[in-house]
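Visitor: Sharing a structure, written as structure tokens. Questions coming.
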Amino acid sequence: MRHITVFLTCLIILFQDASASPVDFENQTITVAIEQEPPQLNSAKATDQVSGMVLGHLMEGLVRYDRRGRVVPGVATRWEMTDDKATFYLRKDARWSDGKPVTAHDFVFAWRTALKPITASEYAFIFFPIKNAQAINKGEMPADQLGAIALDDYTVEVSLERPTAYFIKLTAFVTFSPIREDFFNAKGDEYAANADDMLYNGAFIMPEWTHSASLKMVKNQNYWNKDNITLNAINVDYITADTRARLNLYTDGKIAFTRLDGETYKDALSQRFRIRRFTTGSVFFIEYNHRPERVTSNINLRKAIQHVFDPDEMVNRVLAVPGNLRGESIFPVWLNGVEDKFRREYPAPTARYSVATAKQYLERAREQLGGEIPPLVLLVGDSPTATKQGEYMQGLLLNKLGLEVKIDVQTFKQRLAKMTSGDFDMVGAGWGPDFDDIMTFGDLFASWNLNNRGRYKNPAYDRLVRIAMNSTDPKTRMDAMGEGQQILFDDAALLPQYEQGIIYLLHPKVKGVVRRVVGADPDYTHAKVIP
Amino acid sequence: MLMYTLKRLLAGVITVWFIATATFIAMHQVPGDPLMNDKAVSAEIRANLEAKYGLDKPVTTQYFIFLGNMLKGDFGISFTQQNRKVNDIIRDHFPVSATLGILAIFFAATGGVLFGALTAVYRNRMPDVAIMFLVILGISVPSFVFAALGQLMLVNINSLFGYSVIPVAGWGTIWHMLMPSLVLGLTTMALLTRLMRSSMLEVVNEDYIKTAKAKGLSPTRIFFRHQLRNAILPVVTVLGPQIAAITTGGFVVELVFAIPGLGRYFVQAVQQLDYTVIMGTTVFYGAFLVFMVIVVDILYGFIDPRVRLS
Amino acid sequence: MSLFQPETSMFEPLETQDGAEVITRPSLSYWQDAWVRLKKNTRAIISLNIIILLAIFTLLGPFFWDVDPALQDLNQVSQPPSMPKTALVVGSYQSWDGVTIENYEPPEDYADSVPAPTNFRTEGKPTTQVVRLVWDPVPEADGYNVYRNVREPQGFADLGLPLGATYGDELSYEDRLSLESRDYYYSVVPTDGIDEYEIFARLVITPQLAITQEDALERGLINRIDDVAIGELVEIEFHPLGTDYLGRDMLARLMEGARVSLFIGIVAPLLYVIVGIIYGGFAGYIGGRFDVVLMRFADFVVALPFLLFMILFKIAFGIGPGESGIMPMLIALVLLMWPATARLVRGQVLQIREEGYIEAARLLGGKNHYLIMRHIIPNTMGVILVTLTFAVPAAIFTEAFLSFIGMGVAPPTPSWGSMCNEGVKTMLSHPHELFFPALLISITVLAFNLLGDGLTEALDSKMRSRD
């Protein structure tokens with residue numbers, strides 16, 4: 001017996017782990033996990049959430065958002081905006097992590113780089129309000145013709161292609177971050193491949209990055225606002241997409257933050273953890289195929305589905321995770337309107353749940369389509385949630401309307417291929433905001449938008465989108481989109497299902513973590529550890 | 001022997017070439033391509049991307065370019081991890097998977113041989129029945145469950161002690177490796193246990209065992225020198241491909257235990273149709289597998305001199 | 001020294017005895033003998049009984065338990081096994097405007113602390129359809145967060161599930177989030193619009209299990225809308241093994257899933273093990289260059305990326321949306337899975353072909369075919385049966401994985417493997433969703449292991465002495 005005790009004691013000493021706590025008050029350090037390896041840390045090319053989160057800490061654009069979502073100075077201290085021009089005045093104390101100043105040239109270079117055809121950035125479209133940007137991206141003009149120039153080292157002047165009310169907000173987006181020409185050219189294709197292939201101007205630098213294993217962000221001593229940054233380090237010690245694994249790490253006191261899902265929150269609840277809730281701002285919906293050869297191009301069929309789908313049931317019984325909001329419109333509730341929230345000023349029209357009405361519509365659809373309606377093909381991704389939601393829709397339409405639905409489960413790329421070629425009747429889709437303006441959702445169903453995979457086309461809606469895009473008057477823009485919202489509903493152009501909500505755990509000693517609908521999320525920049 | 005080995009290596013190279021070709025064709029037959037993404041891109045950007053990655057060329061041209069680069073040992077740059085070379089991905093992550101895999105095989109082989117021999121010796125008695133039930137449990141419950149339960153067990157052990165006794169996930173020290181490799185080796189261990197039992201039972205009545213007994217050899221000596229050595233051939237046969245499979249296929253375990261291994265690249269590459277990574281990992285895995293099979297075949301001759309190969 | 005010379009006269013003939021030369025037992029061929037011994041083997045008999053029971057469960061079960069396995073019941077999502085229940089009949093859900101303050105002015109400044117909301121109460125009868133919460137305003141607050149817990153909270157950090165937030169002018173919250181008939185501890189916390197004040201009001205409620213009149217009618221629990229008045233109790237559908245994540249009956253799904261899983265779990269391994277035996281047997285027996293070529297082809301097949309080729313097969317076989325791809329999947333599995341058995345058999349054959357008895361049989365004029373079938377394969381049977389039994393769960397799970405990428409069965413058709421995959425995610429909170437399918441898979445595997453053991457013993461003539 002004594003041997004066992006000695007053995008155990010030895011084991012315990014051996015097993016001692018240095019990083020015992022996920023938060024360290026003395027050193028102002030927190031340890032977290034991320035869901036995947038950031039695939040792209042070149043700010044000109046990054047497209048995904050994880051890269052956006054990391055870059056949001058490492059880089060700083062001209063402006064940034066504060067915790068209430070207002071635009072505040074970043075590298076620019078002030079800016080002026082007219083219908084055809086935006087001028088940014090940069091602070092002189094902004095420094096790169098190697099000590100050299102951040103200048104207007106760095107921004108112009110970054111934007112030109114992102115627009116060059118050879119870079120092939122998927123987010124190039126975000127620059128299109130700038131004069132000549134689209135032409136440069138098509139290769140019709142050289143990059144130096146871009147309507148953004150450095151008047152001097154500390155002034156960026158942007159000529160706009162058309163009045164763009166939200167241009168200032170746009171410059172907070174990660175693709176607008178600066179890149180220094182000499183460093184970028186020296187690194188070539190390897191730029192941002194590893195920790196030492198990057199140069200930082202944000203609140204943190206990244207001295208260590210072990211691919212797929214961990215990365216470490218440390219306070220940037222050259223950051224102009226470093227006195228207001230409390231955290232000394234953010235250690236990303238674990239990279240796993242498995243929610244249960246991350247919950248286990250949280251329970252074990254290894255990480256200070258983790259997202260939960262419908263399957264794990266009950267376990268977290270039984271541990272008596274404080275669960276927090278956040279609405280991501282993304283909208284999920286069923287997109288119909290409006291191509292004429294498809295039955296879903298029939299408005300009465302779509303109307304019938306609209307009248308039996310109850311977003312309340314979807315949110316409360318199928319998703320069954322707090323934070324999700326009922327889907328009523330392509331425009332989520334957080335979008336700003338003229339003075340208040342858009343959806344409070346322009347309430348979304350909703351269809352009253354009624355099987356009887358739905359059956360009337362269905363009857364009309366049957367007549368127009370000439371008798372029987374063939375089984376509808378519902379294209380879904382290969383994630384468990386997608387399949388579950390698909391099965392719900394399948395059961396719903398069969399039981400309420402007698403409509404047969406075939407679920408077409410496809411892996412990621414095959415699903416995209418089918419969406420692009422229009423080989424579906426309905427597809428489960430989602431859309432997240434890129435910037436804080438109604439247009440990030442508004443032009444999604446414009447007939448020219450390539451992401452409008454169902455090819456919805458309504459000239460009246462297109463006209464309203466153009467009004468909202470080209471005007472700078474908030475009232476005109478919001479009226480147009482309010483009217484647009486009504487058109488999308490009348491056409492049953494899409495079937496809004498829910499606005500995505502998530503729940504998460506945050507260590508009670510960490511304060512000031514900001515969850516954002518737009519931009520780096522979660523944002524630890526101004527977080528601190530309390531004793 | 002040397003001649004034989006050389007011939008086998010040559011045959012192996014041809015096999016790998018076949019694997020590469022078949023995979024290349026399959027990859028291009030599957031709908032979708034590495035450039036497609038959630039957000040649709042304009043025709044111009046798409047054309048730029050195609051030109052950049054050489055996807056605008058005819059597939060046959062792409063194939064010969066690929067072959068040429070493969071001979072130089074260059075698999076190109078990943079599509080999903082856009083700044084990283086496929087060679088770097090293999091170089092960075094294969095050692096992790098290999099470490100994990102070797103440990104898993106070690107657990108599986110020792111456990112399998114030990115339990116297998118035990119069940120054979122106690123045939124149809126209590127230990128045999130008990131181990132068989134464990135084996136059945138081990139193979140009829142998905143490995144995901146064992147990974148999750150194993151991790152949960154560590155959490156509970158740690159909370160019992162009040163601090164981190166064994167790390168719950170991550171990579172670095174030997175303690176990080178214990179639970180994942182155990183979970184990873186579980187199915188193989190179950191298989192080896194049953195295989196070992198079965199082949200032990202076949203050996204146990206052979207004449208040479210009777211002879212050995214008659215000679216008055218000690219039971220231990222009979223067990224190790226005669227029974228085990230004769231019965232272990234199927235185990236060795238299975239081990240070769242299993243080493244290759246385990247060192248590259250621990251996707252679930254890598255995910256649950258946050259291990260930076262090659263397994264996740266394997267699975268994600270196909271999902272993302274990341275052409276270069278698919279080709280790189282498949283060729284690498286194929287070569288590794290072929291090599292392990294050659295090793296096993298050569299081992300046959302050493303374990304059982306009666307086996308003639310050529 | 002003279003040798004002893006026997007002479008005929010020295011011998012005396014014995015009297016002929018009837019029956020001395022007669023074979024008393026019928027002559028048995030090898031396989032007949034094996035069958036006789038199999039019938040005597042207890043394990044084999046147990047396993048055969050289990051297999052019969054599984055067949056009854058699969059084929060006859062649906063006649064006794066006539067429930068649609070695809071029918072969703074969102075009133076009873078993820079319910080554990082239980083006794084029949086009754087529910088209160090309520091009217092259909094009417095939307096509720098809640099309580100709002102007219103002409104609300106947000107506070108000018110954010111206060112450091114505020115008092116807890118008072119008069120936290122419900123409006124209307126709390127049921128599993130809806131719980132409506134109302135409270136009185138806190139003057140300095142500009143919003144409220146509402147929480148729900150299933151156990152008594154131990155302080156501010158333990159309020160439970162954050163249900164939602166309201167703006168400052170909204171003094172009510174409607175909870176419809178997967179309500180069950182159990183104790184709920186509701187809390188309401190005032191906020192400044194973003195951050196919470198560390199104070200809360202609490203309310204304990206037990207909602208009553210309820211079903212709407214329309215639902216009851218639609219589900220066939222009542223025949224006419226006026227059969228049962230609002231406020232009466234009605235017996236709701238009974239699920240002896242509980243329900244899954246869409247409220248579908250587990251028992252019915254297990255029965256339907258058995259068809260797919262048992263079919264693919266038995267036929268696929270049988271097929272590819274047979275292919276493997278023939279392939280490996282010839283490769284090992286003939287050996288030489290033939291062996292090298294065959295085995296290199298096996299290596300080739302093993303090294304192909306499984307997922308990629310399955311996607312390719314799916315397209316090649318032209319499986320349309322919603323179609324069951326069982327047969328194509330079977331073919332695909334056989335095409336990709338045989339090499340493991342082939343390699344194992346070949347390894348055994350390499351060893352066995354050098355045995356004395358093979359040499360003897362060959363010298364006696366045994367043909368290759370005869371030698372392989374009569375001597376070599378029976379001697380590798382133990383190993384073959386082990387791979388066969390292991391292939392059963394592997395095939396069941398592979399089917400589930402393939403269904404996941406759209407190749408196996410199309411939703412809503414269940415299979416044990418996919419039920420397991422679904423159940424794994426909630427294995428701690430709803431263990432029954434994993435337990436039952438896993439149990440059935442285990443029983444199947446157990447049956448095949450026992451049968452395998454029985455067969456090994458029956459087929460191995462060397463073990464005859466032990467019987």
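Residues in the structure tokens are named by chain (A, B, ... in the order shown) and by number from 1 within that chain; ligands are numbered from 1 in the order shown.
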Quick one: residues within 9 Å of Asp242 in chain A, only C-alpha atoms, excluding same-chain residues fewer than 2 positions away - as a ChimeraX atom specification?
Guide: /A:35,240,244-247 /B:255-258
Visitor: Env of Ala147 in chain B: 7 Å cut, atoms = only C-alpha atoms, seq-sep filter 4 positions within chain, self excluded. Answer as an mmCIF file with N, CA and C atoms, in the first residue's frame.
Guide:
data_model
loop_
_atom_site.group_PDB
_atom_site.id
_atom_site.type_symbol
_atom_site.label_atom_id
_atom_site.label_comp_id
_atom_site.auth_asym_id
_atom_site.auth_seq_id
_atom_site.Cartn_x
_atom_site.Cartn_y
_atom_site.Cartn_z
ATOM 1 N N SER B 143 -15.306 5.022 -32.222
ATOM 2 C CA SER B 143 -14.096 5.477 -31.528
ATOM 3 C C SER B 143 -14.271 6.884 -30.976
ATOM 4 N N GLN B 151 -11.345 11.484 -22.582
ATOM 5 C CA GLN B 151 -11.036 12.849 -22.193
ATOM 6 C C GLN B 151 -11.808 13.262 -20.939
ATOM 7 N N VAL B 183 -6.543 5.474 -26.955
ATOM 8 C CA VAL B 183 -7.823 5.468 -27.683
ATOM 9 C C VAL B 183 -7.602 5.063 -29.133
ATOM 10 N N VAL B 253 -9.261 11.350 -33.218
ATOM 11 C CA VAL B 253 -8.453 11.523 -32.013
ATOM 12 C C VAL B 253 -7.713 12.858 -32.054
ATOM 13 N N VAL B 256 -10.322 15.601 -31.202
ATOM 14 C CA VAL B 256 -10.767 15.652 -29.817
ATOM 15 C C VAL B 256 -9.633 16.101 -28.898
#
Visitor: Report the closest atom pair, with its distance in Å rounded to one decimal, for each residue of chain A that has an atom no farther than 6 Å from chain C; count only C-alpha atoms, sort by chain and then rising residue number, and write it as JSON lines.
Guide:
{"residue": "A:Glu263", "atom": "CA", "partner": "C:Thr426", "partner_atom": "CA", "distance": 5.2}
{"residue": "A:Arg272", "atom": "CA", "partner": "C:Asp158", "partner_atom": "CA", "distance": 5.6}
{"residue": "A:Arg274", "atom": "CA", "partner": "C:Ala157", "partner_atom": "CA", "distance": 5.3}
{"residue": "A:Arg277", "atom": "CA", "partner": "C:Pro162", "partner_atom": "CA", "distance": 6.0}
{"residue": "A:Asn316", "atom": "CA", "partner": "C:Leu177", "partner_atom": "CA", "distance": 4.3}
{"residue": "A:Arg317", "atom": "CA", "partner": "C:Ser178", "partner_atom": "CA", "distance": 5.2}
{"residue": "A:Ala320", "atom": "CA", "partner": "C:Ser178", "partner_atom": "CA", "distance": 5.9}
{"residue": "A:Pro322", "atom": "CA", "partner": "C:Leu163", "partner_atom": "CA", "distance": 5.2}
{"residue": "A:Asp382", "atom": "CA", "partner": "C:Ile405", "partner_atom": "CA", "distance": 5.7}
{"residue": "A:Lys406", "atom": "CA", "partner": "C:Gly322", "partner_atom": "CA", "distance": 4.4}
{"residue": "A:Ile407", "atom": "CA", "partner": "C:Gly322", "partner_atom": "CA", "distance": 5.1}
{"residue": "A:Asp408", "atom": "CA", "partner": "C:Pro321", "partner_atom": "CA", "distance": 4.3}
{"residue": "A:Val409", "atom": "CA", "partner": "C:Gly406", "partner_atom": "CA", "distance": 4.6}
{"residue": "A:Gln410", "atom": "CA", "partner": "C:Ile405", "partner_atom": "CA", "distance": 5.8}
{"residue": "A:Thr411", "atom": "CA", "partner": "C:Ile405", "partner_atom": "CA", "distance": 5.8}
Visitor: Could you list the residues in chain B lying within 6 Å of chain A, using only C-alpha atoms, and format the result as an MDAnalysis selection string?
Guide: chainID B and resid 31:32 40 44:45 48:49 81 83:84 155 165:166 255:256 258 260
Visitor: Dump N, CA and C atoms for the selected residues as a JSON list (two decimals), in the first residue's frame?
Guide:
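The resulting again-v7.json:
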[["chain", "number", "residue", "atom", "x", "y", "z"],
["B", 31, "PRO", "N", -17.17, 16.72, -58.78],
["B", 31, "PRO", "CA", -17.63, 18.09, -59.03],
["B", 31, "PRO", "C", -17.08, 19.07, -58.00],
["B", 32, "GLY", "N", -16.98, 20.30, -58.42],
["B", 32, "GLY", "CA", -16.43, 21.31, -57.53],
["B", 32, "GLY", "C", -14.94, 21.41, -57.75],
["B", 40, "ALA", "N", -19.39, 33.64, -53.54],
["B", 40, "ALA", "CA", -19.10, 33.52, -54.96],
["B", 40, "ALA", "C", -18.14, 34.63, -55.38],
["B", 44, "GLU", "N", -13.85, 37.43, -63.21],
["B", 44, "GLU", "CA", -12.49, 37.93, -63.37],
["B", 44, "GLU", "C", -11.57, 37.34, -62.30],
["B", 45, "ILE", "N", -12.03, 37.44, -61.05],
["B", 45, "ILE", "CA", -11.19, 36.93, -59.96],
["B", 45, "ILE", "C", -10.97, 35.44, -60.14],
["B", 48, "ASN", "N", -8.36, 34.90, -62.61],
["B", 48, "ASN", "CA", -7.06, 35.20, -62.02],
["B", 48, "ASN", "C", -6.56, 34.04, -61.19],
["B", 49, "LEU", "N", -7.48, 33.50, -60.36],
["B", 49, "LEU", "CA", -7.10, 32.40, -59.48],
["B", 49, "LEU", "C", -6.70, 31.18, -60.31],
["B", 81, "GLN", "N", -4.56, 26.47, -47.07],
["B", 81, "GLN", "CA", -3.59, 27.19, -46.24],
["B", 81, "GLN", "C", -2.68, 27.90, -47.22],
["B", 83, "ASN", "N", -0.52, 30.05, -47.89],
["B", 83, "ASN", "CA", 0.88, 30.42, -47.96],
["B", 83, "ASN", "C", 1.80, 29.25, -47.67],
["B", 84, "ARG", "N", 1.23, 28.08, -47.40],
["B", 84, "ARG", "CA", 2.10, 26.98, -46.95],
["B", 84, "ARG", "C", 2.33, 25.97, -48.05],
["B", 155, "VAL", "N", -10.59, 14.68, -17.25],
["B", 155, "VAL", "CA", -11.14, 15.86, -16.57],
["B", 155, "VAL", "C", -11.52, 15.49, -15.14],
["B", 165, "VAL", "N", -3.46, 16.80, -13.40],
["B", 165, "VAL", "CA", -2.57, 15.65, -13.25],
["B", 165, "VAL", "C", -2.11, 15.20, -14.63],
["B", 166, "ILE", "N", -3.07, 14.96, -15.50],
["B", 166, "ILE", "CA", -2.76, 14.61, -16.89],
["B", 166, "ILE", "C", -3.45, 15.62, -17.78],
["B", 255, "LEU", "N", -8.67, 15.51, -33.52],
["B", 255, "LEU", "CA", -9.65, 16.57, -33.33],
["B", 255, "LEU", "C", -9.98, 16.73, -31.84],
["B", 256, "VAL", "N", -10.32, 15.60, -31.20],
["B", 256, "VAL", "CA", -10.77, 15.65, -29.82],
["B", 256, "VAL", "C", -9.63, 16.10, -28.90],
["B", 258, "ALA", "N", -6.99, 17.85, -29.74],
["B", 258, "ALA", "CA", -6.31, 19.04, -30.26],
["B", 258, "ALA", "C", -4.85, 18.77, -30.58],
["B", 260, "PRO", "N", -1.82, 18.45, -33.33],
["B", 260, "PRO", "CA", -1.52, 18.98, -34.66],
["B", 260, "PRO", "C", -0.95, 17.91, -35.60]]
Visitor: What's around Thr80 in chain B at 9 Å? Count only C-alpha atoms, leave out sequence neighbours fewer than 5 positions away in its own chain, and write the answer as a ChimeraX atom specification.
Guide: /A:39-40 /B:34,269,272,274,277
Visitor: Return as CSV the residues of chain C lying at most 6 Å from chain B, together with the closest atom-to-atom pair for each and the distance in Å to one decimal, counting only C-alpha atoms, with rows in chain order and ascending residue number.
Guide:
residue,atom,partner,partner_atom,distance
C:Gly288,CA,B:Ser310,CA,5.0
C:Phe300,CA,B:Ile19,CA,5.7
C:Ala303,CA,B:Gly286,CA,5.0
C:Leu312,CA,B:Val30,CA,5.8
C:Leu350,CA,B:Val307,CA,5.8
C:Gln351,CA,B:Val307,CA,5.5
C:Gly382,CA,B:Ser198,CA,5.4
C:Val383,CA,B:Leu195,CA,5.9
C:Pro393,CA,B:Ser140,CA,5.6
C:Ile441,CA,B:Ser140,CA,5.9
C:Ser442,CA,B:Ser140,CA,5.1
Visitor: Just the number, please: distance in Å from CA of Glu161 in chain A to CA of Leu90 in chain A, one decimal.
Guide: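 Atom-to-atom, CA of Glu161 in chain A to CA of Leu90 in chain A, that is 22.7 Å.
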Visitor: Between C:Ser181, C:Gln94, C:Ser415, C:Ser9, which is the closest to Ile264 in chain C once you count only C-alpha atoms?
Guide: C:Ser415
Visitor: Could you list, with a cut-off of 12 Å and counting only C-alpha atoms, the residues of range 431-491 of chain A near range 339-360 of chain A, each shown with its nearest atom pair and the distance in Å rounded to one decimal, rows sorted by chain and ascending number, as CSV?
Guide:
residue,atom,partner,partner_atom,distance
A:Asp437,CA,A:Phe342,CA,10.3
A:Ile438,CA,A:Phe342,CA,8.5
A:Pro474,CA,A:Glu339,CA,8.8
A:Lys475,CA,A:Glu339,CA,9.2
A:Arg477,CA,A:Phe342,CA,10.9
A:Met478,CA,A:Phe342,CA,7.5
A:Asp479,CA,A:Tyr346,CA,8.4
A:Ala480,CA,A:Tyr346,CA,10.6
A:Met481,CA,A:Tyr346,CA,8.9
A:Gly482,CA,A:Tyr346,CA,5.7
A:Glu483,CA,A:Tyr346,CA,8.8
A:Gly484,CA,A:Tyr346,CA,10.6
A:Gln485,CA,A:Ala348,CA,7.0
A:Gln486,CA,A:Pro349,CA,6.7
A:Ile487,CA,A:Pro349,CA,9.9
A:Leu488,CA,A:Pro349,CA,9.8
A:Phe489,CA,A:Pro349,CA,6.8
A:Asp490,CA,A:Pro349,CA,8.8
A:Asp491,CA,A:Pro349,CA,11.9
Visitor: Run DSSP on the backbone and grab whatever in range 421-531 of chain A lands in strand (DSSP E or B); send it over as a PyMOL selection string.
Guide: chain A and resi 426-431+494-506+510-511+514+523+528-529
Visitor: For the selection you just gave me, I'd like the residues written to a file as an mmCIF file, in the first residue's frame, keeping N, CA and C atoms.
Guide:
data_model
loop_
_atom_site.group_PDB
_atom_site.id
_atom_site.type_symbol
_atom_site.label_atom_id
_atom_site.label_comp_id
_atom_site.auth_asym_id
_atom_site.auth_seq_id
_atom_site.Cartn_x
_atom_site.Cartn_y
_atom_site.Cartn_z
ATOM 1 N N MET A 426 -34.483 23.845 -53.367
ATOM 2 C CA MET A 426 -34.302 24.671 -52.176
ATOM 3 C C MET A 426 -32.922 24.359 -51.632
ATOM 4 N N VAL A 427 -32.300 25.340 -51.028
ATOM 5 C CA VAL A 427 -31.002 25.078 -50.419
ATOM 6 C C VAL A 427 -30.921 25.826 -49.099
ATOM 7 N N GLY A 428 -30.383 25.180 -48.096
ATOM 8 C CA GLY A 428 -30.181 25.824 -46.809
ATOM 9 C C GLY A 428 -28.995 26.762 -46.923
ATOM 10 N N ALA A 429 -29.215 28.055 -46.659
ATOM 11 C CA ALA A 429 -28.139 29.018 -46.857
ATOM 12 C C ALA A 429 -28.045 29.948 -45.653
ATOM 13 N N GLY A 430 -26.951 30.641 -45.563
ATOM 14 C CA GLY A 430 -26.774 31.611 -44.491
ATOM 15 C C GLY A 430 -25.964 32.780 -45.005
ATOM 16 N N TRP A 431 -26.108 33.918 -44.387
ATOM 17 C CA TRP A 431 -25.360 35.096 -44.821
ATOM 18 C C TRP A 431 -24.932 35.900 -43.610
ATOM 19 N N LEU A 494 -37.464 34.252 -50.446
ATOM 20 C CA LEU A 494 -36.663 33.346 -49.629
ATOM 21 C C LEU A 494 -37.496 32.984 -48.414
ATOM 22 N N LEU A 495 -37.068 31.967 -47.675
ATOM 23 C CA LEU A 495 -37.780 31.597 -46.461
ATOM 24 C C LEU A 495 -36.835 31.823 -45.285
ATOM 25 N N PRO A 496 -36.938 32.989 -44.631
ATOM 26 C CA PRO A 496 -36.046 33.245 -43.498
ATOM 27 C C PRO A 496 -36.338 32.244 -42.386
ATOM 28 N N GLN A 497 -35.301 31.647 -41.829
ATOM 29 C CA GLN A 497 -35.510 30.645 -40.782
ATOM 30 C C GLN A 497 -35.129 31.165 -39.402
ATOM 31 N N TYR A 498 -33.899 31.654 -39.298
ATOM 32 C CA TYR A 498 -33.510 32.181 -37.979
ATOM 33 C C TYR A 498 -32.306 33.105 -38.110
ATOM 34 N N GLU A 499 -32.170 33.949 -37.093
ATOM 35 C CA GLU A 499 -30.951 34.731 -36.956
ATOM 36 C C GLU A 499 -30.110 33.995 -35.942
ATOM 37 N N GLN A 500 -28.885 33.695 -36.334
ATOM 38 C CA GLN A 500 -28.077 32.784 -35.545
ATOM 39 C C GLN A 500 -27.683 33.357 -34.188
ATOM 40 N N GLY A 501 -27.874 32.544 -33.167
ATOM 41 C CA GLY A 501 -27.411 32.911 -31.844
ATOM 42 C C GLY A 501 -26.442 31.868 -31.362
ATOM 43 N N ILE A 502 -25.504 32.253 -30.540
ATOM 44 C CA ILE A 502 -24.607 31.249 -29.978
ATOM 45 C C ILE A 502 -24.506 31.466 -28.477
ATOM 46 N N ILE A 503 -24.105 30.425 -27.785
ATOM 47 C CA ILE A 503 -23.870 30.553 -26.353
ATOM 48 C C ILE A 503 -22.435 30.172 -26.088
ATOM 49 N N TYR A 504 -21.881 30.766 -25.062
ATOM 50 C CA TYR A 504 -20.461 30.531 -24.806
ATOM 51 C C TYR A 504 -20.157 30.681 -23.329
ATOM 52 N N LEU A 505 -18.968 30.214 -22.964
ATOM 53 C CA LEU A 505 -18.496 30.347 -21.593
ATOM 54 C C LEU A 505 -17.305 31.297 -21.587
ATOM 55 N N LEU A 506 -17.271 32.160 -20.592
ATOM 56 C CA LEU A 506 -16.133 33.072 -20.451
ATOM 57 C C LEU A 506 -15.728 33.047 -18.982
ATOM 58 N N VAL A 510 -12.249 37.295 -16.436
ATOM 59 C CA VAL A 510 -11.895 38.059 -17.628
ATOM 60 C C VAL A 510 -13.014 39.047 -17.918
ATOM 61 N N LYS A 511 -12.654 40.322 -17.991
ATOM 62 C CA LYS A 511 -13.651 41.357 -18.266
ATOM 63 C C LYS A 511 -13.282 42.085 -19.552
ATOM 64 N N VAL A 514 -15.200 41.712 -26.022
ATOM 65 C CA VAL A 514 -16.298 42.233 -26.831
ATOM 66 C C VAL A 514 -16.685 41.216 -27.896
ATOM 67 N N ASP A 523 -13.337 39.820 -29.471
ATOM 68 C CA ASP A 523 -12.277 40.816 -29.451
ATOM 69 C C ASP A 523 -11.738 40.949 -28.024
ATOM 70 N N LYS A 528 -9.309 42.487 -19.792
ATOM 71 C CA LYS A 528 -8.353 42.477 -18.686
ATOM 72 C C LYS A 528 -8.715 41.362 -17.713
ATOM 73 N N VAL A 529 -7.724 40.959 -16.943
ATOM 74 C CA VAL A 529 -7.961 39.932 -15.939
ATOM 75 C C VAL A 529 -8.073 40.625 -14.596
#
Visitor: Using only C-alpha atoms, which of the listed residues (A:Arg463, A:Ala365, A:Ala527, A:Asp310) sits closest to His507 in chain A?
Guide: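 Using only C-alpha atoms, His507 in chain A sits closest to A:Ala527.
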Visitor: Report, in Å with one decimal, the straight-line distance from CA of Trp338 in chain C to CA of Tyr265 in chain B.
Guide: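 It comes out at 25.6 Å.
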Visitor: I'd like the contact shell of Pro129 in chain A - 12 Å cut-off, only C-alpha atoms, skipping same-chain residues fewer than 5 positions apart - returned as a count of residues only.
Guide: 25
